[in-house]
>>> print(open('work_15.pdb').read())   # PDB, C-alpha atoms
ATOM      1  CA  MET L   1       0.000   0.000   0.000
ATOM      2  CA  VAL L   2       1.056   3.571  -0.572
ATOM      3  CA  THR L   3       1.124   5.995   2.281
ATOM      4  CA  PRO L   4       1.078   9.563   1.009
ATOM      5  CA  GLU L   5       4.007  11.659   2.065
ATOM      6  CA  VAL L   6       3.284  14.779   4.028
ATOM      7  CA  ALA L   7       4.541  17.652   1.919
ATOM      8  CA  GLU L   8       4.665  21.357   2.486
ATOM      9  CA  GLU L   9       2.030  22.913   0.253
ATOM     10  CA  THR L  10       1.736  26.314  -1.269
ATOM     11  CA  THR L  11      -1.836  27.420  -1.540
ATOM     12  CA  THR L  12      -3.080  29.247  -4.580
ATOM     13  CA  GLU L  13      -6.347  31.087  -4.965
ATOM     14  CA  THR L  14      -7.844  28.302  -7.062
ATOM     15  CA  THR L  15      -6.619  25.289  -5.059
ATOM     16  CA  PRO L  16      -8.140  24.530  -1.662
ATOM     17  CA  ASP L  17      -5.710  23.508   1.097
ATOM     18  CA  ASP L  18      -7.126  20.003   1.485
ATOM     19  CA  GLY L  19      -4.146  18.034   0.185
ATOM     20  CA  ARG L  20      -5.140  17.867  -3.458
ATOM     21  CA  GLU L  21      -2.241  17.671  -5.883
ATOM     22  CA  TRP L  22      -1.649  16.890  -9.539
ATOM     23  CA  TYR L  23      -0.122  13.493 -10.302
ATOM     24  CA  VAL L  24       1.002  11.919 -13.557
ATOM     25  CA  LEU L  25      -0.027   8.424 -14.650
ATOM     26  CA  TYR L  26       1.828   6.181 -17.084
ATOM     27  CA  THR L  27      -0.580   4.619 -19.575
ATOM     28  CA  TYR L  28      -0.286   2.507 -22.669
ATOM     29  CA  SER L  29       0.482   4.892 -25.519
ATOM     30  CA  GLY L  30      -2.617   5.543 -27.592
ATOM     31  CA  TYR L  31      -4.960   4.594 -24.726
ATOM     32  CA  GLU L  32      -4.910   7.932 -22.894
ATOM     33  CA  ASN L  33      -8.535   8.831 -23.706
ATOM     34  CA  LYS L  34      -9.742   5.332 -22.847
ATOM     35  CA  VAL L  35      -7.911   5.524 -19.497
ATOM     36  CA  LYS L  36      -9.550   8.906 -18.843
ATOM     37  CA  THR L  37     -13.006   7.467 -19.588
ATOM     38  CA  ASN L  38     -12.374   4.324 -17.508
ATOM     39  CA  LEU L  39     -11.046   6.353 -14.597
ATOM     40  CA  GLU L  40     -13.975   8.774 -14.647
ATOM     41  CA  HIS L  41     -16.399   5.811 -14.559
ATOM     42  CA  ARG L  42     -14.498   4.212 -11.658
ATOM     43  CA  ILE L  43     -14.479   7.485  -9.718
ATOM     44  CA  THR L  44     -18.254   7.755 -10.057
ATOM     45  CA  SER L  45     -19.050   4.094  -9.402
ATOM     46  CA  MET L  46     -16.749   3.906  -6.366
ATOM     47  CA  ALA L  47     -17.914   7.286  -4.965
ATOM     48  CA  MET L  48     -14.459   8.893  -5.036
ATOM     49  CA  GLU L  49     -15.557  12.345  -6.252
ATOM     50  CA  ASP L  50     -14.438  13.809  -2.929
ATOM     51  CA  LYS L  51     -10.824  12.618  -3.486
ATOM     52  CA  VAL L  52     -10.309  12.460  -7.264
ATOM     53  CA  PHE L  53     -11.359  15.727  -8.876
ATOM     54  CA  GLU L  54     -10.131  15.906 -12.431
ATOM     55  CA  VAL L  55      -8.619  13.670 -15.096
ATOM     56  CA  VAL L  56      -6.865  15.413 -18.008
ATOM     57  CA  VAL L  57      -5.283  14.182 -21.223
ATOM     58  CA  PRO L  58      -3.130  17.194 -22.210
ATOM     59  CA  THR L  59      -3.868  18.116 -25.826
ATOM     60  CA  GLU L  60      -3.642  21.119 -28.084
ATOM     61  CA  GLU L  61      -5.359  22.028 -31.314
ATOM     62  CA  GLN L  62      -3.098  22.169 -34.335
ATOM     63  CA  VAL L  63      -3.787  23.170 -37.899
ATOM     64  CA  GLU L  64      -2.293  20.636 -40.300
ATOM     65  CA  ILE L  65      -1.957  21.206 -43.988
ATOM     66  CA  ARG L  66      -2.263  18.008 -46.001
ATOM     67  CA  GLN L  67      -2.886  17.784 -49.716
ATOM     68  CA  GLY L  68      -3.627  21.514 -49.824
ATOM     69  CA  GLN L  69      -6.346  21.284 -47.145
ATOM     70  CA  ARG L  70      -6.287  22.876 -43.687
ATOM     71  CA  ARG L  71      -7.456  20.514 -40.964
ATOM     72  CA  THR L  72      -7.743  21.195 -37.246
ATOM     73  CA  VAL L  73      -6.663  18.170 -35.214
ATOM     74  CA  GLN L  74      -6.166  17.418 -31.520
ATOM     75  CA  ARG L  75      -2.575  16.430 -30.707
ATOM     76  CA  LYS L  76      -1.562  14.847 -27.407
ATOM     77  CA  LEU L  77       1.130  16.893 -25.701
ATOM     78  CA  LEU L  78       2.346  13.967 -23.570
ATOM     79  CA  PRO L  79       1.641  10.656 -25.323
ATOM     80  CA  GLY L  80       1.473   7.856 -22.768
ATOM     81  CA  TYR L  81       0.631  10.138 -19.823
ATOM     82  CA  VAL L  82      -2.543  11.330 -18.080
ATOM     83  CA  LEU L  83      -2.798  13.989 -15.353
ATOM     84  CA  VAL L  84      -4.962  13.405 -12.277
ATOM     85  CA  HIS L  85      -5.936  16.045  -9.708
ATOM     86  CA  MET L  86      -6.555  14.192  -6.455
ATOM     87  CA  ILE L  87      -5.980  13.805  -2.749
ATOM     88  CA  LEU L  88      -3.546  10.934  -2.392
ATOM     89  CA  ALA L  89      -4.773   8.365   0.117
ATOM     90  CA  ASN L  90      -4.782   4.566   0.105
ATOM     91  CA  ASP L  91      -8.345   4.292  -1.233
ATOM     92  CA  SER L  92      -7.913   6.958  -3.959
ATOM     93  CA  TRP L  93      -4.518   5.508  -4.943
ATOM     94  CA  HIS L  94      -6.101   2.062  -5.275
ATOM     95  CA  VAL L  95      -8.977   3.331  -7.472
ATOM     96  CA  VAL L  96      -6.629   5.199  -9.807
ATOM     97  CA  ARG L  97      -3.798   2.657  -9.905
ATOM     98  CA  HIS L  98      -6.071  -0.301 -10.704
ATOM     99  CA  THR L  99      -7.895   1.403 -13.563
ATOM    100  CA  PRO L 100      -7.508  -0.588 -16.800
ATOM    101  CA  GLY L 101      -4.734   0.922 -18.939
ATOM    102  CA  VAL L 102      -2.902   2.630 -16.051
ATOM    103  CA  THR L 103       0.549   1.097 -15.676
ATOM    104  CA  SER L 104       1.741   3.198 -12.719
ATOM    105  CA  PHE L 105       2.111   6.619 -11.172
ATOM    106  CA  VAL L 106       5.155   8.714 -12.008
ATOM    107  CA  GLY L 107       7.390   8.873  -8.959
ATOM    108  CA  ALA L 108      10.314   7.401  -7.104
ATOM    109  CA  GLY L 109       9.736   3.782  -6.193
ATOM    110  CA  SER L 110       6.138   3.127  -5.253
ATOM    111  CA  THR L 111       5.464   6.672  -4.001
ATOM    112  CA  PRO L 112       3.759   8.987  -6.516
ATOM    113  CA  THR L 113       5.434  12.375  -6.867
ATOM    114  CA  PRO L 114       3.115  15.396  -7.179
ATOM    115  CA  LEU L 115       3.748  17.906  -9.936
ATOM    116  CA  PRO L 116       4.598  21.477  -8.933
ATOM    117  CA  GLN L 117       1.778  23.877  -9.844
ATOM    118  CA  GLU L 118       4.079  25.790 -12.249
ATOM    119  CA  GLU L 119       4.585  22.612 -14.314
ATOM    120  CA  VAL L 120       0.858  21.875 -14.320
ATOM    121  CA  ASP L 121       0.142  25.413 -15.517
ATOM    122  CA  ALA L 122       2.750  25.074 -18.298
ATOM    123  CA  ILE L 123       1.270  21.736 -19.421
ATOM    124  CA  LEU L 124      -2.342  22.947 -19.366
ATOM    125  CA  LYS L 125      -1.678  26.361 -20.968
ATOM    126  CA  PRO L 126      -1.819  25.124 -24.617
ATOM    127  CA  MET L 127      -5.234  23.580 -23.886
ATOM    128  CA  GLN L 128      -6.626  27.001 -22.938
ATOM    129  CA  GLU L 129      -5.452  28.848 -26.054
ATOM    130  CA  ASP L 130      -8.172  29.885 -28.482
ATOM    131  CA  THR L 131      -6.100  29.868 -31.653
ATOM    132  CA  PRO L 132      -4.769  26.509 -32.813
ATOM    133  CA  GLN L 133      -1.064  26.127 -33.534
ATOM    134  CA  VAL L 134      -0.153  25.750 -37.208
ATOM    135  CA  ARG L 135       1.761  22.554 -37.772
ATOM    136  CA  VAL L 136       4.107  22.949 -40.688
ATOM    137  CA  THR L 137       5.444  19.893 -42.400
ATOM    138  CA  PHE L 138       7.599  21.816 -44.855
ATOM    139  CA  GLU L 139      11.356  21.914 -44.321
ATOM    140  CA  ILE L 140      14.066  24.097 -45.788
ATOM    141  CA  GLY L 141      15.568  22.452 -48.856
ATOM    142  CA  GLU L 142      12.444  20.394 -49.581
ATOM    143  CA  ARG L 143      11.054  20.236 -53.144
ATOM    144  CA  VAL L 144       7.481  21.525 -53.512
ATOM    145  CA  LYS L 145       4.956  22.032 -56.298
ATOM    146  CA  ILE L 146       2.980  25.269 -56.459
ATOM    147  CA  ILE L 147      -0.732  24.479 -56.792
ATOM    148  CA  ASP L 148      -2.297  27.958 -56.633
ATOM    149  CA  GLY L 149      -1.597  31.458 -57.901
ATOM    150  CA  PRO L 150       0.334  32.799 -60.894
ATOM    151  CA  PHE L 151       3.107  30.197 -60.489
ATOM    152  CA  THR L 152       0.778  27.159 -60.581
ATOM    153  CA  GLU L 153       2.533  23.963 -61.746
ATOM    154  CA  PHE L 154       6.005  25.412 -61.075
ATOM    155  CA  LEU L 155       8.395  23.364 -58.955
ATOM    156  CA  GLY L 156      10.587  24.968 -56.344
ATOM    157  CA  ILE L 157      12.708  24.478 -53.257
ATOM    158  CA  VAL L 158      11.689  25.777 -49.832
ATOM    159  CA  ASP L 159      14.166  28.473 -48.817
ATOM    160  CA  GLN L 160      12.462  29.841 -45.695
ATOM    161  CA  VAL L 161       9.503  28.892 -43.452
ATOM    162  CA  SER L 162       7.670  31.646 -41.575
ATOM    163  CA  GLN L 163       5.470  29.710 -39.157
ATOM    164  CA  ASP L 164       3.916  32.750 -37.454
ATOM    165  CA  ARG L 165       2.794  34.283 -40.770
ATOM    166  CA  GLY L 166       1.825  30.993 -42.457
ATOM    167  CA  LYS L 167       4.142  31.713 -45.383
ATOM    168  CA  LEU L 168       6.980  30.030 -47.257
ATOM    169  CA  ARG L 169       9.697  31.500 -49.428
ATOM    170  CA  VAL L 170      10.193  29.171 -52.360
ATOM    171  CA  LEU L 171      12.992  29.414 -54.912
ATOM    172  CA  VAL L 172      11.427  28.959 -58.355
ATOM    173  CA  SER L 173      13.546  28.542 -61.491
ATOM    174  CA  MET L 174      12.462  31.216 -64.005
ATOM    175  CA  PHE L 175      14.315  32.707 -66.938
ATOM    176  CA  GLY L 176      17.372  30.631 -66.178
ATOM    177  CA  ARG L 177      17.784  31.699 -62.557
ATOM    178  CA  GLU L 178      16.219  31.008 -59.178
ATOM    179  CA  THR L 179      13.683  33.603 -58.081
ATOM    180  CA  PRO L 180      12.324  33.792 -54.512
ATOM    181  CA  VAL L 181       8.522  33.724 -54.307
ATOM    182  CA  GLU L 182       6.531  34.173 -51.097
ATOM    183  CA  LEU L 183       3.584  31.776 -50.865
ATOM    184  CA  ASP L 184       0.937  30.751 -48.365
ATOM    185  CA  PHE L 185       1.152  27.211 -46.947
ATOM    186  CA  LEU L 186      -2.019  26.335 -48.894
ATOM    187  CA  GLN L 187      -0.473  27.326 -52.219
ATOM    188  CA  VAL L 188       2.093  24.509 -52.244
ATOM    189  CA  GLU L 189       2.277  20.767 -51.762
ATOM    190  CA  LYS L 190       5.176  18.381 -51.425
ATOM    191  CA  SER L 191       6.353  17.069 -54.771
TER
END
>>> encode(input="work_15.pdb", output="structure tokens")
Amino acid sequence: MVTPEVAEETTTETTPDDGREWYVLYTYSGYENKVKTNLEHRITSMAMEDKVFEVVVPTEEQVEIRQGQRRTVQRKLLPGYVLVHMILANDSWHVVRHTPGVTSFVGAGSTPTPLPQEEVDAILKPMQEDTPQVRVTFEIGERVKIIDGPFTEFLGIVDQVSQDRGKLRVLVSMFGRETPVELDFLQVEKS
């Protein structure tokens, strides 16, 4: 059995001083959402709402560009890990630890180690952002084909990627020399 260590706590305005902490669970990679669902069901069925408060799979929205199409997708920030906000006691530890898909708590030996609030805030911050991150799959030196605009059907080489502006500078061979052309991510595809 695990006996929670008594730790000095710093209280924040949003966290009551009742011993609740954030812990990290190891899970099978790809089963994070299933573990979250299973754990939430176990918490309810075993009446542990007063000790296990929140289960989070850290994700962020990203805009991917594939085949000239923008798609918004959810990406896991920490594949193979789930965060749990709970009061660590023998009964709550048992409920969480024996949830299908949970392999163990993160910590030294058999004692789970709580995450400092600053780390939790840093992990959860991307989940609270309104604008999705643009995920660029273009790399400098990569060959691309222009599919939109006045240079349609031209081939070029990526010279610069401007992630924040959503633009690429592509070197296009025209009139016997390479000419830099600034294009939107949607105007090119990998060749």
>>> resolve_selection(input="work_15.pdb", expression="the PyMOL selection byres ((chain L and resi 99-115) around 9)", output="VMD selection string")
chain L and resid 1 to 5 21 to 28 31 to 32 34 to 35 38 to 39 42 82 88 94 to 98 116 to 120
>>> resolve_selection(input="work_15.pdb", expression="the PyMOL selection byres ((chain L and resi 121-125) around 10)", output="MDAnalysis selection string")
chainID L and resid 56:60 77:78 83 116:120 126:129
>>> atom_distance(input="work_15.pdb", atom1="atom CA of L:Gly80", atom2="atom CA of L:Ser45")
24.8 Å
>>> resolve_selection(input="work_15.pdb", expression="the PyMOL selection byres ((chain L and resi 54) around 10)", output="tab-separated table (two decimals) with C-alpha atoms, in the coordinates of the input")
chain	number	residue	atom	x	y	z
L	22	TRP	CA	-1.65	16.89	-9.54
L	36	LYS	CA	-9.55	8.91	-18.84
L	39	LEU	CA	-11.05	6.35	-14.60
L	40	GLU	CA	-13.98	8.77	-14.65
L	43	ILE	CA	-14.48	7.48	-9.72
L	49	GLU	CA	-15.56	12.34	-6.25
L	51	LYS	CA	-10.82	12.62	-3.49
L	52	VAL	CA	-10.31	12.46	-7.26
L	53	PHE	CA	-11.36	15.73	-8.88
L	55	VAL	CA	-8.62	13.67	-15.10
L	56	VAL	CA	-6.86	15.41	-18.01
L	83	LEU	CA	-2.80	13.99	-15.35
L	84	VAL	CA	-4.96	13.40	-12.28
L	85	HIS	CA	-5.94	16.05	-9.71
L	86	MET	CA	-6.56	14.19	-6.46
>>> residues_around(input="work_15.pdb", residues="L:Ser191", least_positions_apart="3", cutoff="7 Å", atoms="all atoms listed in the file", output="PDB file with C-alpha atoms, in the frame of the given file")
ATOM      1  CA  ARG L 143      11.054  20.236 -53.144  1.00  0.00           C
ATOM      2  CA  VAL L 144       7.481  21.525 -53.512  1.00  0.00           C
ATOM      3  CA  LYS L 145       4.956  22.032 -56.298  1.00  0.00           C
TER       4      LYS L 145
END
>>> atom_distance(input="work_15.pdb", atom1="atom CA of L:Val188", atom2="atom CA of L:Val73")
20.2 Å
>>> atom_distance(input="work_15.pdb", atom1="atom CA of L:Ile147", atom2="atom CA of L:Gln74")
26.8 Å
>>> closest_residue(input="work_15.pdb", among="L:Lys190, L:Glu139, L:Asn90, L:Asp18", to="L:Gln163", atoms="all atoms listed in the file")
L:Glu139
>>> residues_around(input="work_15.pdb", residues="L:Lys167", least_positions_apart="3", cutoff="12 Å", atoms="all atoms listed in the file", output="ChimeraX atom specification")
/L:134,136,138,158-164,170,181-188
>>> closest_residue(input="work_15.pdb", among="L:Phe154, L:Arg75, L:Asp50, L:Thr37", to="L:Gln62", atoms="only C-alpha atoms")
L:Arg75
>>> closest_residue(input="work_15.pdb", among="L:Glu61, L:Leu171, L:Thr137, L:Arg20", to="L:Lys76", atoms="all atoms listed in the file")
L:Glu61
>>> axis_aligned_box(input="work_15.pdb", around="stretch 162-179 of chain L", padding_each_side="3 Å", output="lines of an AutoDock Vina configuration file")
center_x = 9.8
center_y = 31.4
center_z = -52.2
size_x = 22.0
size_y = 11.7
size_z = 35.5
